[in-house]
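Below you'll find the structure, written out as structure tokens, and then a few comments.
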Amino acid sequence: MDFFHLCEYLGEAAKVCATDHPQAWLDVQKERLKANQAAVVLDALTPFVRVDHDDDPVTACDRYLRNRLDQLDYQGRSSRSTDWIGEIESAHRYIIQKRLKLPEPGGRPIMSRRCWRSG
């Protein structure tokens, strides 16, 4: 699982779980995940989960983690490969988006031209 993407969920949950020091709470949870302690992270989220509110950031984070427990072997990878995976996936998302919005020589963005041609 993309560690960067998971940290986005945790970052939103941190604002609820640790209102005084969300960054410190987030840093602790990230270290726990890297040490394959997902159960401990889930325990930290549990008191704040609101089962009746699907759009709640803690509930969303809890659900995201629970649905992907089999993909959380960060300790099995070297720290170097984990860092690169997140960076590559993040760059892939933003670079392609940016390039699709660049104008072609005719002045139209690539994406709008492709949509125009297909319609």
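Order determines the names: the first chain of the structure tokens is A, the second B, and so forth; residues in each chain are numbered 1 upward, and ligands are numbered 1 upward as they are shown.
Once segment 22-34 of chain A and its same-chain neighbours fewer than 5 positions away are set aside, Leu10, Gly11, Ala14, Lys15, Val41, Tyr74 and Gln75 of chain A remain within 7 Å of it when counting only C-alpha atoms.
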Suppose we keep N, CA, C and O atoms; can you now write the selection as an mmCIF file, in the first residue's frame?
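After the write, part05.cif holds the following:
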```cif
data_model
loop_
_atom_site.group_PDB
_atom_site.id
_atom_site.type_symbol
_atom_site.label_atom_id
_atom_site.label_comp_id
_atom_site.auth_asym_id
_atom_site.auth_seq_id
_atom_site.Cartn_x
_atom_site.Cartn_y
_atom_site.Cartn_z
ATOM 1 N N LEU A 10 -4.234 9.331 7.790
ATOM 2 C CA LEU A 10 -3.809 9.502 9.183
ATOM 3 C C LEU A 10 -3.695 10.973 9.566
ATOM 4 O O LEU A 10 -4.012 11.349 10.697
ATOM 5 N N GLY A 11 -3.240 11.794 8.630
ATOM 6 C CA GLY A 11 -3.112 13.225 8.902
ATOM 7 C C GLY A 11 -4.449 13.872 9.212
ATOM 8 O O GLY A 11 -4.559 14.715 10.108
ATOM 9 N N ALA A 14 -5.521 12.642 12.631
ATOM 10 C CA ALA A 14 -4.725 13.250 13.702
ATOM 11 C C ALA A 14 -5.347 14.537 14.220
ATOM 12 O O ALA A 14 -5.254 14.849 15.411
ATOM 13 N N LYS A 15 -6.013 15.271 13.343
ATOM 14 C CA LYS A 15 -6.651 16.529 13.753
ATOM 15 C C LYS A 15 -7.771 16.288 14.761
ATOM 16 O O LYS A 15 -8.090 17.168 15.555
ATOM 17 N N VAL A 41 -2.035 1.057 15.904
ATOM 18 C CA VAL A 41 -2.589 2.260 15.273
ATOM 19 C C VAL A 41 -4.114 2.192 15.306
ATOM 20 O O VAL A 41 -4.786 3.184 15.632
ATOM 21 N N TYR A 74 5.255 -3.019 5.856
ATOM 22 C CA TYR A 74 6.281 -2.020 5.566
ATOM 23 C C TYR A 74 7.645 -2.450 6.074
ATOM 24 O O TYR A 74 8.660 -2.077 5.514
ATOM 25 N N GLN A 75 7.684 -3.238 7.120
ATOM 26 C CA GLN A 75 8.964 -3.694 7.658
ATOM 27 C C GLN A 75 9.615 -4.705 6.724
ATOM 28 O O GLN A 75 10.826 -4.820 6.678
#
```
| field | Separation of atom CA of Leu45 of chain A from atom CA of Thr19 of chain A in Å | value | 13.3 Å
